[in-house]
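Next up, upload-v1.cif (mmCIF, C-alpha atoms):
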```
data_start
#
loop_
_atom_site.group_PDB
_atom_site.id
_atom_site.type_symbol
_atom_site.label_atom_id
_atom_site.label_comp_id
_atom_site.auth_asym_id
_atom_site.auth_seq_id
_atom_site.Cartn_x
_atom_site.Cartn_y
_atom_site.Cartn_z
ATOM 1 C CA MET A 14 -150.195 84.581 -92.002
ATOM 2 C CA LYS A 15 -152.163 87.012 -89.898
ATOM 3 C CA LYS A 16 -151.606 86.938 -86.147
ATOM 4 C CA ASN A 17 -155.294 86.130 -85.496
ATOM 5 C CA THR A 18 -155.107 83.159 -87.843
ATOM 6 C CA ALA A 19 -151.968 81.816 -86.175
ATOM 7 C CA ILE A 20 -153.562 82.175 -82.731
ATOM 8 C CA ALA A 21 -156.783 80.473 -83.853
ATOM 9 C CA ARG A 22 -154.897 77.554 -85.418
ATOM 10 C CA LYS A 23 -152.795 77.103 -82.288
ATOM 11 C CA TYR A 24 -155.851 76.802 -80.034
ATOM 12 C CA ALA A 25 -157.701 74.589 -82.532
ATOM 13 C CA LYS A 26 -154.733 72.224 -82.790
ATOM 14 C CA ALA A 27 -154.371 72.072 -79.007
ATOM 15 C CA LEU A 28 -158.044 71.204 -78.529
ATOM 16 C CA LEU A 29 -157.901 68.548 -81.252
ATOM 17 C CA LEU A 30 -154.842 67.019 -79.615
ATOM 18 C CA ILE A 31 -156.810 66.668 -76.373
ATOM 19 C CA GLY A 32 -159.756 65.244 -78.338
ATOM 20 C CA LYS A 33 -157.537 62.649 -79.999
ATOM 21 C CA GLU A 34 -156.088 61.601 -76.645
ATOM 22 C CA ASP A 35 -159.454 61.113 -74.932
ATOM 23 C CA ASN A 36 -161.451 60.095 -78.043
ATOM 24 C CA ASN A 37 -163.818 63.054 -77.722
ATOM 25 C CA ALA A 38 -162.664 65.095 -80.728
ATOM 26 C CA LYS A 39 -166.103 64.965 -82.338
ATOM 27 C CA THR A 40 -167.871 65.967 -79.109
ATOM 28 C CA TYR A 41 -165.537 68.924 -78.688
ATOM 29 C CA GLY A 42 -166.231 69.921 -82.277
ATOM 30 C CA LYS A 43 -169.968 70.015 -81.638
ATOM 31 C CA GLU A 44 -169.558 71.910 -78.380
ATOM 32 C CA LEU A 45 -167.149 74.454 -79.859
ATOM 33 C CA ALA A 46 -169.461 75.005 -82.838
ATOM 34 C CA SER A 47 -172.356 75.470 -80.446
ATOM 35 C CA PHE A 48 -170.437 78.045 -78.396
ATOM 36 C CA ALA A 49 -169.316 79.898 -81.556
ATOM 37 C CA THR A 50 -172.950 80.032 -82.692
ATOM 38 C CA LEU A 51 -173.969 81.359 -79.273
ATOM 39 C CA LEU A 52 -171.383 84.140 -79.573
ATOM 40 C CA GLU A 53 -172.610 85.019 -83.075
ATOM 41 C CA LYS A 54 -176.285 85.077 -82.132
ATOM 42 C CA GLU A 55 -176.138 86.613 -78.661
ATOM 43 C CA LYS A 56 -174.278 89.864 -79.315
ATOM 44 C CA ASN A 57 -175.095 91.289 -75.862
ATOM 45 C CA PHE A 58 -173.568 88.245 -74.164
ATOM 46 C CA THR A 59 -170.472 88.441 -76.366
ATOM 47 C CA PHE A 60 -170.131 92.167 -75.726
ATOM 48 C CA THR A 61 -170.533 91.721 -71.975
ATOM 49 C CA ILE A 62 -167.923 88.988 -71.525
ATOM 50 C CA SER A 63 -165.461 90.751 -73.847
ATOM 51 C CA ASN A 64 -165.862 94.323 -72.622
ATOM 52 C CA PRO A 65 -162.915 95.437 -70.444
ATOM 53 C CA LEU A 66 -165.088 98.154 -68.878
ATOM 54 C CA TYR A 67 -166.698 95.442 -66.744
ATOM 55 C CA GLU A 68 -164.752 93.824 -63.913
ATOM 56 C CA VAL A 69 -162.976 90.611 -64.973
ATOM 57 C CA SER A 70 -164.549 88.709 -62.073
ATOM 58 C CA VAL A 71 -168.054 89.821 -63.125
ATOM 59 C CA ARG A 72 -167.477 88.861 -66.773
ATOM 60 C CA LYS A 73 -165.993 85.509 -65.795
ATOM 61 C CA GLY A 74 -168.921 84.858 -63.440
ATOM 62 C CA ILE A 75 -171.402 85.520 -66.238
ATOM 63 C CA LEU A 76 -169.473 83.227 -68.583
ATOM 64 C CA GLU A 77 -169.289 80.462 -65.971
ATOM 65 C CA ALA A 78 -173.029 80.786 -65.259
ATOM 66 C CA VAL A 79 -173.828 80.408 -68.958
ATOM 67 C CA LEU A 80 -171.406 77.495 -69.361
ATOM 68 C CA SER A 81 -172.976 75.677 -66.404
ATOM 69 C CA LYS A 82 -176.299 75.678 -68.303
ATOM 70 C CA THR A 83 -174.868 74.378 -71.600
ATOM 71 C CA GLY A 84 -174.152 70.794 -70.658
ATOM 72 C CA PHE A 85 -170.694 71.110 -72.250
ATOM 73 C CA SER A 86 -168.023 68.666 -71.167
ATOM 74 C CA LYS A 87 -165.641 69.718 -68.405
ATOM 75 C CA ILE A 88 -162.810 69.938 -70.963
ATOM 76 C CA MET A 89 -164.796 72.319 -73.176
ATOM 77 C CA GLN A 90 -165.794 74.495 -70.244
ATOM 78 C CA THR A 91 -162.148 74.660 -69.160
ATOM 79 C CA PHE A 92 -161.091 75.448 -72.731
ATOM 80 C CA ILE A 93 -163.583 78.317 -72.992
ATOM 81 C CA ILE A 94 -162.503 79.697 -69.603
ATOM 82 C CA LEU A 95 -158.896 79.534 -70.824
ATOM 83 C CA LEU A 96 -159.911 81.506 -73.933
ATOM 84 C CA PHE A 97 -161.520 84.055 -71.632
ATOM 85 C CA GLU A 98 -158.508 84.310 -69.323
ATOM 86 C CA LYS A 99 -156.121 84.715 -72.265
ATOM 87 C CA ARG A 100 -158.486 87.290 -73.826
ATOM 88 C CA ARG A 101 -159.087 85.005 -76.806
ATOM 89 C CA ILE A 102 -162.902 84.894 -76.745
ATOM 90 C CA PRO A 103 -162.997 87.171 -79.836
ATOM 91 C CA PHE A 104 -161.084 84.430 -81.708
ATOM 92 C CA THR A 105 -163.638 81.704 -80.926
ATOM 93 C CA ILE A 106 -165.364 81.757 -84.323
ATOM 94 C CA GLU A 107 -162.040 81.493 -86.128
ATOM 95 C CA ILE A 108 -160.835 78.787 -83.713
ATOM 96 C CA ASN A 109 -164.026 76.864 -84.465
ATOM 97 C CA PHE A 110 -163.437 77.246 -88.221
ATOM 98 C CA PHE A 111 -159.942 75.748 -87.963
ATOM 99 C CA TYR A 112 -161.018 73.086 -85.487
ATOM 100 C CA GLN A 113 -163.752 71.843 -87.827
ATOM 101 C CA LYS A 114 -161.262 71.693 -90.714
ATOM 102 C CA LEU A 115 -158.745 69.789 -88.587
ATOM 103 C CA LEU A 116 -161.473 67.450 -87.317
ATOM 104 C CA ASP A 117 -162.610 66.699 -90.876
ATOM 105 C CA GLU A 118 -159.019 65.925 -91.835
ATOM 106 C CA TYR A 119 -158.576 63.721 -88.767
ATOM 107 C CA GLU A 120 -161.757 61.808 -89.606
ATOM 108 C CA GLY A 121 -160.766 61.464 -93.284
ATOM 109 C CA PHE A 122 -163.259 63.966 -94.704
ATOM 110 C CA VAL A 123 -162.787 66.776 -97.172
ATOM 111 C CA ARG A 124 -165.213 69.687 -97.461
ATOM 112 C CA ALA A 125 -166.080 71.072 -100.861
ATOM 113 C CA ASP A 126 -168.077 74.194 -101.681
ATOM 114 C CA VAL A 127 -170.015 73.844 -104.914
ATOM 115 C CA THR A 128 -171.766 76.802 -106.507
ATOM 116 C CA SER A 129 -174.135 76.418 -109.444
ATOM 117 C CA ALA A 130 -176.248 78.871 -111.378
ATOM 118 C CA THR A 131 -179.415 76.869 -110.727
ATOM 119 C CA LYS A 132 -180.675 74.577 -107.987
ATOM 120 C CA LEU A 133 -179.119 71.126 -108.298
ATOM 121 C CA THR A 134 -181.201 67.991 -107.867
ATOM 122 C CA SER A 135 -180.213 65.516 -105.167
ATOM 123 C CA ASP A 136 -179.163 63.125 -107.957
ATOM 124 C CA GLU A 137 -176.819 65.750 -109.451
ATOM 125 C CA VAL A 138 -175.364 66.531 -106.024
ATOM 126 C CA GLY A 139 -174.819 62.808 -105.449
ATOM 127 C CA LYS A 140 -172.984 62.441 -108.766
ATOM 128 C CA ILE A 141 -170.757 65.444 -108.008
ATOM 129 C CA GLN A 142 -169.984 64.071 -104.549
ATOM 130 C CA GLU A 143 -169.240 60.624 -105.978
ATOM 131 C CA ALA A 144 -166.891 62.100 -108.612
ATOM 132 C CA PHE A 145 -164.987 64.093 -105.968
ATOM 133 C CA GLU A 146 -164.721 61.088 -103.653
ATOM 134 C CA LYS A 147 -163.386 58.950 -106.484
ATOM 135 C CA LYS A 148 -160.854 61.604 -107.527
ATOM 136 C CA LEU A 149 -159.707 62.501 -103.985
ATOM 137 C CA ASN A 150 -160.021 59.000 -102.514
ATOM 138 C CA LYS A 151 -161.658 60.529 -99.429
ATOM 139 C CA SER A 152 -165.156 61.077 -98.136
ATOM 140 C CA VAL A 153 -166.449 64.453 -99.297
ATOM 141 C CA ILE A 154 -168.950 66.719 -97.566
ATOM 142 C CA LEU A 155 -170.557 69.096 -100.051
ATOM 143 C CA ASP A 156 -171.881 72.546 -99.281
ATOM 144 C CA VAL A 157 -174.013 73.416 -102.307
ATOM 145 C CA LYS A 158 -174.997 77.008 -103.043
ATOM 146 C CA GLU A 159 -176.881 78.733 -105.813
ATOM 147 C CA ASP A 160 -175.562 81.870 -107.540
ATOM 148 C CA SER A 161 -177.205 82.972 -110.782
ATOM 149 C CA SER A 162 -174.343 85.421 -111.496
ATOM 150 C CA ILE A 163 -172.155 82.541 -112.731
ATOM 151 C CA ILE A 164 -174.681 82.144 -115.600
ATOM 152 C CA GLY A 165 -174.195 78.387 -115.930
ATOM 153 C CA GLY A 166 -171.848 75.552 -115.009
ATOM 154 C CA LEU A 167 -170.241 74.963 -111.616
ATOM 155 C CA VAL A 168 -167.554 76.386 -109.376
ATOM 156 C CA ALA A 169 -166.059 73.995 -106.825
ATOM 157 C CA LYS A 170 -163.654 74.875 -104.023
ATOM 158 C CA ILE A 171 -161.817 72.160 -102.151
ATOM 159 C CA GLY A 172 -159.348 73.688 -99.733
ATOM 160 C CA ASP A 173 -157.135 75.971 -101.809
ATOM 161 C CA LEU A 174 -158.094 74.287 -105.081
ATOM 162 C CA VAL A 175 -160.715 76.062 -107.199
ATOM 163 C CA LEU A 176 -162.294 74.295 -110.153
ATOM 164 C CA ASP A 177 -164.154 76.914 -112.164
ATOM 165 C CA GLY A 178 -166.321 75.596 -114.974
ATOM 166 C CA SER A 179 -168.727 78.508 -114.928
ATOM 167 C CA ILE A 180 -169.988 80.156 -118.103
ATOM 168 C CA LYS A 181 -169.098 83.539 -116.580
ATOM 169 C CA THR A 182 -165.416 82.588 -116.278
ATOM 170 C CA GLN A 183 -165.356 81.083 -119.765
ATOM 171 C CA LEU A 184 -166.812 84.310 -121.193
ATOM 172 C CA LEU A 185 -164.229 86.363 -119.301
ATOM 173 C CA LYS A 186 -161.434 84.188 -120.741
ATOM 174 C CA ILE A 187 -162.799 84.644 -124.267
ATOM 175 C CA LYS A 188 -162.962 88.395 -123.670
ATOM 176 C CA GLU A 189 -159.324 88.470 -122.476
ATOM 177 C CA ASN A 190 -158.194 86.416 -125.487
ATOM 178 C CA LEU A 191 -160.010 88.775 -127.850
ATOM 179 C CA LYS A 192 -158.320 91.758 -126.172
ATOM 180 C CA LYS A 193 -154.924 90.112 -126.679
ATOM 181 C CA GLY A 194 -155.782 89.362 -130.294
ATOM 182 C CA GLU A 195 -155.550 85.614 -129.814
ATOM 183 C CA SER A 196 -157.789 83.204 -131.623
ATOM 184 C CA VAL A 197 -160.704 81.862 -129.654
#
```

Starting from the file, lay out its structure as structure tokens.
Amino acid sequence: MKKNTAIARKYAKALLLIGKEDNNAKTYGKELASFATLLEKEKNFTFTISNPLYEVSVRKGILEAVLSKTGFSKIMQTFIILLFEKRRIPFTIEINFFYQKLLDEYEGFVRADVTSATKLTSDEVGKIQEAFEKKLNKSVILDVKEDSSIIGGLVAKIGDLVLDGSIKTQLLKIKENLKKGESV
């Protein structure tokens, strides 16, 4: 496991623990996602608060001024200041990623990425979601994407599990079997 990943998981777990204790886990998830989005979109802000060429007190003052305008809970503001003080602001996006995964797990959800060659109808998406929920015995949140390079079929990713029913993969398997001299 990479050091960054371990650090991000540690902070995400700590924040979720606080959220479980005070029943604000979902609120913290929204606020953390909002702050991560801010960091992604406002590159100048991110650069300014992360750049060691500026005085720490100046950077912290800018961060505190921005946080005061966000309406974030006191816990989230304190958490973000802690990230700043520990020089972990650059990990915020990864912390958010792990926090959202942990929050889904805590709330009994599973996220699944589904890729199809063509746009799926809402009825097809509903049937896929229903099948996953039945199989996993959990609520499933689908993220559906379109990728014509898979030619046809579907590719689904649920955590570390990949279910690949794409035509592209089937053709590649046939190709490999032909190379090995096996019957198709």

Check what the PyMOL selection byres ((chain A and resi 96-112) around 8) selects in the file above and give those residues as a list in words.
Asn17, Thr18, Ile20, Ala21, Arg22, Tyr24, Ala25, Lys26, Leu28, Leu29, Gly42, Leu45, Ala46, Ala49, Thr50, Ser63, Lys73, Phe92, Ile93, Ile94, Leu95, Gln113, Lys114, Leu115 and Leu116 of chain A

One decimal, Å: what's the distance from CA of Gln142 (chain A) over to CA of Ile154 (chain A), could you say?
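The value is 7.5 Å.
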
Distance in Å - CA of Ile141 (chain A) versus CA of Gly172 (chain A)
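One can read the CA of Ile141 (chain A) to CA of Gly172 (chain A) distance as 16.3 Å.
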
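If you look at CA of Thr128 (chain A) and CA of Asp177 (chain A), they are 9.5 Å away from each other.
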
Evaluate the PyMOL selection byres ((chain A and resi 76) around 9) on the structure here and hand back the selected residues as a ChimeraX atom specification.
/A:58,62,71-75,77-81,93-94,97

Proximity to Asn36 (chain A) - best of A:Glu146, A:Glu120, A:Asp160, A:Glu189, all atoms listed in the file:
A:Glu120

Here's the selection I'm unsure about, the PyMOL selection byres ((chain A and resi 178-188) around 12); applied to the file above, which residues does it give, as a PyMOL selection string?
chain A and resi 127-131+160-170+175-177+189-197

Taking all atoms listed in the file into account, name the residue in A:Met89, A:Ser135, A:Phe122, A:Leu52 that is nearest to Ala27 (chain A).
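That would be A:Met89, the residue with the smallest distance to Ala27 (chain A).
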
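Taking only C-alpha atoms into account, Arg124 (chain A) lies nearest to A:Leu174 out of the set A:Leu174, A:Glu53, A:Gly84, A:Leu30.
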
So, counting only C-alpha atoms, which residue among A:Lys33, A:Lys43, A:Lys54, A:Lys158 is closest to Val138 (chain A)?
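Using only C-alpha atoms, the shortest distance to Val138 (chain A) belongs to A:Lys158.
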
I'd like the contact shell of Val153 (chain A) - 10 Å cut-off, all atoms listed in the file, skipping same-chain residues fewer than 3 positions apart - returned as a VMD selection string.
chain A and resid 117 121 to 125 141 to 147 149 to 150 156 171
